[in-house]
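K.L.:
Please see the structure below; I have some questions.
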Amino acid sequence: MHVNAKARKRASAQPEAHRQSNEGRSAGVIPRETARITDLSHEGRGVAHVEGKTVFIDDALPGELVEWQRIKRGRNFDEGRLLRVIEPSPDRIEPRCIHFGMCGGCVLQHLSGEQQLQFKQKQLMDSLTRIGRVTPQETLPPLQAGSWNYRRRARLAARWVPKKNRTVVGFRERSTPYITDLQRCEVLQAPLDQLLVPLSELVTALSIRNRVPQIEVAVADNAVALVVRVLEPLTEADRELLRRFGREHSVQMFLQPGGYETIAPMEDVEPLEYRLPSFGLTLQFLPTDFVQVNGPLNLQMIDRAVELLALKPDDRVLDLFCGLGNFSLPLARRAGQVVGVEGEAGLVARARDNASRNGLGNAQFFTANLADESIGSAQSPALWAGKFDKVLLDPPRAGAKEVLPVVAKSGADTVLYISCHPGSLARDAGILVHEHGYKLQAAGVMDMFPHTAHVESAALFVKP
């Protein structure tokens with residue numbers, strides 16, 4: 001049974017007559033209980049301790065006294081649903097989004113922006129201490145850009161719902177396989193924030209409306225692209241509907257009938273690009289390429305990376321997990337040589353093209369599987385072997401454990417680690433410090449995904 005988002009918000013914000021915790025036991029109704037919230041979990045859920053057992057309660061904040069219902073029992077912990085806040089936290093604010101509480105995209109909109117940053121900084125530092133057994137000598141001030149309409153890349157789910165006689169388009173609901181029926185999204189960058197209902201109407205009008213599972217969206221500095229996944233061939237009428245939608249809303253329309261290699265534009269399009277004005281760079285990318293989700297925050301992150309690495313004109317820099325050159329090309333503006341390594345050949349090709357297009361002859365790019373367990377024990381591939389002065393790593397959530405021996409062998413006295421998961425960063429930080437002799441000089445968070453529990457961070461390691 002779905003819970004109405006507005007109803008949940010009203011239930012958590014408005015007081016009602018107190019009911020005893022044993023209410024309804026005899027009638028088989030789930031009893032209402034009260035609890036004091038002591039902390040936030042890494043997923044952004046309130047943590048309470050009831051009769052010696054940990055309970056996680058969605059949308060509850062530390063310090064609050066809440067009324068809740070137990071919805072799931074486990075051996076080590078239980079899960080609960082917030083019914084109302086009896087004593088609210090001073091850090092509680094009104095969520096902007098009407099879908100908050102149901103949509104799984106954001107879980108912290110009810111927490112003030114300042115406290116969101118403190119929560120993320122605490123997650124980072126706790127992970128470093130507990131998992132890596134390391135503590136930075138310096139805490140970097142958090143980076144934060146705009147907290148609304150920041151998201152330039154997203155994958156929207158789509159599903160034909162016969163009972164509603166239309167297609168639902170949105171993000172997954174919290175902890176369910178259902179799709180939130182979004183009317184608008186407060187974190188998607190314009191014009192995507194206003195296109196959810198038109199997209200629902202578009203897919204509903206297609207002959208294969210029940211065979212369109214997702215739409216990937218990308219906002220570039222010069223254009224907007226939509227990639228429509230189709231599991232059956234389209235009729236010519238379908239194609240005309242899609243083309244007309246693109247023209248009416250000024251977006252580039254792509255079809256994806258199979259894997260990523262099958263993606264193709266429906267009409268002539270201009271290449272997507274984003275600009276790094278501080279470095280005089282323009283990077284081109286495909287609509288499904290990995291790019292940093294938050295464009296303004298990405299600019300700050302690159303500036304911080306260049307500052308922390310303290311590049312010299314003759315430095316040789318190794319950029320691991322380099323993607324399409326997001327860090328490599330700015331670094332090449334300041335260093336003598338940059339070598340980028342990435343596992344996806346398509347991204348490497350676009351990194352090379354971006355270097356050439358921007359007139360950078362001192363940046364080279366190579367393809368290698370950096371998650372291969374043998375890469376650290378074997379000699380580095382000849383093309384990017386040798387000594388380096390600085391190393392930058394920007395791995396996926398799994399981290400960079402396999403490639404850390406390569407970092408140690410590089411001879412670099414400075415290593416900057418950009419992380420999207422504090423647990424894997426903490427594990428790798430422990431290896432760099434305790435096994436390879438680096439010192440954790442500084443660490444801090446960068447708010448790439450405001451209103452979510454996602455923690456992006458940077459950690460600087462130096463040879464003592």
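Residue numbering restarts at 1 for every chain of the structure tokens, chains are lettered A, B, ... in their displayed order, and ligands are numbered from 1 as they appear.
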Please run DSSP on the backbone and report, as a ChimeraX atom specification, all residues within stretch 63-269 of chain A that come out as strand (DSSP E).

P.N.:
/A:65-73,77-87,138-139,153-161,166-170,214-219,224-229,252-256,264-265

K.L.:
How would the residues just picked look written out with C-alpha atoms as a CSV table (one decimal), in the first residue's frame?

P.N.:
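See out-v4.csv below for the written result:
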```csv
chain,number,residue,atom,x,y,z
A,65,LEU,CA,10.8,12.7,20.3
A,66,VAL,CA,8.7,10.9,17.7
A,67,GLU,CA,5.7,8.7,17.5
A,68,TRP,CA,6.3,5.7,15.2
A,69,GLN,CA,5.2,2.3,14.0
A,70,ARG,CA,7.3,-0.8,13.7
A,71,ILE,CA,7.1,-2.0,10.1
A,72,LYS,CA,9.9,-4.6,10.0
A,73,ARG,CA,11.6,-6.7,12.6
A,77,PHE,CA,17.7,-4.1,14.2
A,78,ASP,CA,14.1,-3.1,13.4
A,79,GLU,CA,12.7,-0.5,11.0
A,80,GLY,CA,9.9,2.0,11.7
A,81,ARG,CA,7.6,4.5,10.0
A,82,LEU,CA,7.4,8.0,11.4
A,83,LEU,CA,3.9,9.0,12.3
A,84,ARG,CA,4.4,12.4,13.9
A,85,VAL,CA,7.1,14.5,15.6
A,86,ILE,CA,6.2,15.3,19.2
A,87,GLU,CA,9.3,17.4,19.9
A,138,GLU,CA,43.5,19.1,8.6
A,139,THR,CA,39.8,19.2,7.9
A,153,ARG,CA,22.4,13.8,-15.4
A,154,ALA,CA,19.7,11.3,-14.3
A,155,ARG,CA,18.1,8.0,-15.2
A,156,LEU,CA,14.3,8.2,-15.0
A,157,ALA,CA,12.3,5.0,-14.7
A,158,ALA,CA,9.1,4.6,-16.8
A,159,ARG,CA,6.2,2.2,-16.3
A,160,TRP,CA,2.8,1.8,-17.9
A,161,VAL,CA,0.2,1.5,-15.2
A,166,ARG,CA,-1.0,6.2,-18.2
A,167,THR,CA,2.7,5.9,-17.9
A,168,VAL,CA,4.4,6.9,-14.6
A,169,VAL,CA,7.8,8.6,-15.0
A,170,GLY,CA,10.1,9.3,-12.1
A,214,GLN,CA,13.6,4.2,-18.8
A,215,ILE,CA,14.7,7.6,-20.1
A,216,GLU,CA,18.2,8.9,-19.5
A,217,VAL,CA,18.5,12.7,-19.4
A,218,ALA,CA,21.5,15.0,-19.8
A,219,VAL,CA,21.8,18.7,-19.6
A,224,VAL,CA,19.6,19.0,-23.5
A,225,ALA,CA,19.4,15.3,-24.5
A,226,LEU,CA,16.9,12.5,-23.8
A,227,VAL,CA,17.7,8.9,-24.4
A,228,VAL,CA,14.6,6.7,-24.7
A,229,ARG,CA,15.1,3.0,-24.1
A,252,GLN,CA,17.7,16.3,-28.6
A,253,MET,CA,16.0,12.9,-28.8
A,254,PHE,CA,17.9,9.6,-28.9
A,255,LEU,CA,16.7,6.0,-29.1
A,256,GLN,CA,18.3,3.1,-27.4
A,264,ALA,CA,21.5,7.0,-32.0
A,265,PRO,CA,20.0,10.5,-32.4
```

K.L.:
Which residues are near A:Arg243? Cut-off 10 Å, only C-alpha atoms, ignore same chain within fewer than 2 positions. Put them as an NGL selection string.

P.N.:
:A and (237-241 or 245-248 or 251-254 or 266-267)

K.L.:
With C-alpha atoms retained, export the selected residues as an mmCIF file, in the first residue's frame.

P.N.:
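Now in selection-v3.cif:
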```cif
data_model
loop_
_atom_site.group_PDB
_atom_site.id
_atom_site.type_symbol
_atom_site.label_atom_id
_atom_site.label_comp_id
_atom_site.auth_asym_id
_atom_site.auth_seq_id
_atom_site.Cartn_x
_atom_site.Cartn_y
_atom_site.Cartn_z
ATOM 1 C CA ALA A 237 3.758 7.484 -35.885
ATOM 2 C CA ASP A 238 5.712 6.831 -32.658
ATOM 3 C CA ARG A 239 8.842 8.282 -34.202
ATOM 4 C CA GLU A 240 7.013 11.387 -35.286
ATOM 5 C CA LEU A 241 5.634 11.862 -31.756
ATOM 6 C CA PHE A 245 8.379 16.375 -28.600
ATOM 7 C CA GLY A 246 12.050 17.170 -29.160
ATOM 8 C CA ARG A 247 11.261 20.162 -31.353
ATOM 9 C CA GLU A 248 8.548 21.529 -29.044
ATOM 10 C CA VAL A 251 15.686 18.803 -26.610
ATOM 11 C CA GLN A 252 17.729 16.281 -28.569
ATOM 12 C CA MET A 253 15.976 12.919 -28.842
ATOM 13 C CA PHE A 254 17.929 9.645 -28.920
ATOM 14 C CA MET A 266 16.613 10.734 -34.145
ATOM 15 C CA GLU A 267 17.650 13.906 -35.999
#
```

K.L.:
State, in Å with one decimal place, the distance from atom CA of A:Val462 to atom CA of A:Pro396.

P.N.:
22.2 Å

K.L.:
Would you pick out the contacts of stretch 360-363 of chain A at 12 Å or less, using only C-alpha atoms, so that residues sharing its chain but fewer than 6 positions from it are not included, and give the list as a ChimeraX atom specification?

P.N.:
/A:279-282,313-319,322,324-325,327-341,348,351-354,384

K.L.:
Work out how far apart atom CA of A:Ser278 and atom CA of A:Met301 are and give it in Å to one decimal.

P.N.:
12.1 Å

K.L.:
Please give the complete set of residues from stretch 14-116 of chain A that DSSP, run on the backbone, assigns to alpha helix (DSSP H), formatted as a PyMOL selection string.

P.N.:
chain A and resi 113-116

K.L.:
Write the residues of the selection above to a file with C-alpha atoms, as a PDB file, in the first residue's frame.

P.N.:
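What landed in out-v6.pdb:
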```
ATOM      1  CA  GLY A 113      21.583  22.706   4.619  1.00  0.00           C
ATOM      2  CA  GLU A 114      24.204  23.437   7.282  1.00  0.00           C
ATOM      3  CA  GLN A 115      23.294  20.294   9.192  1.00  0.00           C
ATOM      4  CA  GLN A 116      23.329  18.217   6.011  1.00  0.00           C
TER       5      GLN A 116
END
```

K.L.:
If you count only C-alpha atoms, which residues fall within 10 Å of A:Arg151, apart from same-chain ones fewer than 3 positions away, as a list in words?

P.N.:
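Those residues are Ser147, Trp148, Ala154, Cys185, Glu186, Val187, Leu188, Gln189, Ala190, Leu192, Asp193, Val217, Ala218, Val219, Gln292, Val293, Asn294, Gly295, Pro296, Met448, Phe449 and Pro450 of chain A.
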
K.L.:
Using only C-alpha atoms, which residues of stretch 84-127 of chain A come within 9 Å of stretch 28-46 of chain A, and what is the closest atom pair for each, with the distance in Å to one decimal? Give it as a Markdown table, sorted by chain and residue number.

P.N.:
```
| residue | atom | partner | partner_atom | distance |
| --- | --- | --- | --- | --- |
| A:Ile86 | CA | A:Thr34 | CA | 8.8 |
| A:Val107 | CA | A:Gly44 | CA | 6.4 |
| A:Leu108 | CA | A:Gly44 | CA | 6.7 |
| A:Phe119 | CA | A:Leu40 | CA | 7.8 |
| A:Lys120 | CA | A:His42 | CA | 8.5 |
| A:Gln123 | CA | A:His42 | CA | 6.7 |
```

K.L.:
Skip A:Leu370 itself and residues of its chain fewer than 2 positions away, then list as a ChimeraX atom specification all residues within 8 Å of it, counting only C-alpha atoms.

P.N.:
/A:320-321,342-343,368,372,375,400,402-403

K.L.:
I want to know what sits within 6 Å of stretch 422-429 of chain A, based on only C-alpha atoms, with residues of the same chain fewer than 3 positions away left out; could you give that as a PDB file with N, CA and C atoms, in the first residue's frame?

P.N.:
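Contents of around-v8.pdb, as written:
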```pdb
ATOM      1  N   LEU A 124      32.115  10.984   6.917  1.00  0.00           N
ATOM      2  CA  LEU A 124      33.474  10.842   6.391  1.00  0.00           C
ATOM      3  C   LEU A 124      34.475  10.576   7.504  1.00  0.00           C
ATOM      4  N   SER A 127      34.120   7.198   9.244  1.00  0.00           N
ATOM      5  CA  SER A 127      34.596   6.099   8.395  1.00  0.00           C
ATOM      6  C   SER A 127      36.122   6.031   8.395  1.00  0.00           C
ATOM      7  N   LEU A 128      36.767   7.187   8.261  1.00  0.00           N
ATOM      8  CA  LEU A 128      38.230   7.207   8.261  1.00  0.00           C
ATOM      9  C   LEU A 128      38.787   6.632   9.558  1.00  0.00           C
ATOM     10  N   ILE A 131      37.177   2.584   9.960  1.00  0.00           N
ATOM     11  CA  ILE A 131      37.579   1.596   8.953  1.00  0.00           C
ATOM     12  C   ILE A 131      39.065   1.693   8.623  1.00  0.00           C
ATOM     13  N   GLY A 132      39.535   2.908   8.373  1.00  0.00           N
ATOM     14  CA  GLY A 132      40.923   3.076   7.955  1.00  0.00           C
ATOM     15  C   GLY A 132      41.909   3.276   9.083  1.00  0.00           C
ATOM     16  N   GLY A 399      35.927   1.887  -5.015  1.00  0.00           N
ATOM     17  CA  GLY A 399      37.224   2.372  -4.587  1.00  0.00           C
ATOM     18  C   GLY A 399      38.354   1.977  -5.508  1.00  0.00           C
ATOM     19  N   LYS A 401      41.305   0.011  -4.469  1.00  0.00           N
ATOM     20  CA  LYS A 401      42.201  -0.892  -3.754  1.00  0.00           C
ATOM     21  C   LYS A 401      43.202  -1.580  -4.675  1.00  0.00           C
ATOM     22  N   LEU A 432      47.017   3.147   2.099  1.00  0.00           N
ATOM     23  CA  LEU A 432      48.033   4.129   1.718  1.00  0.00           C
ATOM     24  C   LEU A 432      48.894   4.537   2.912  1.00  0.00           C
TER      25      LEU A 432
END
```
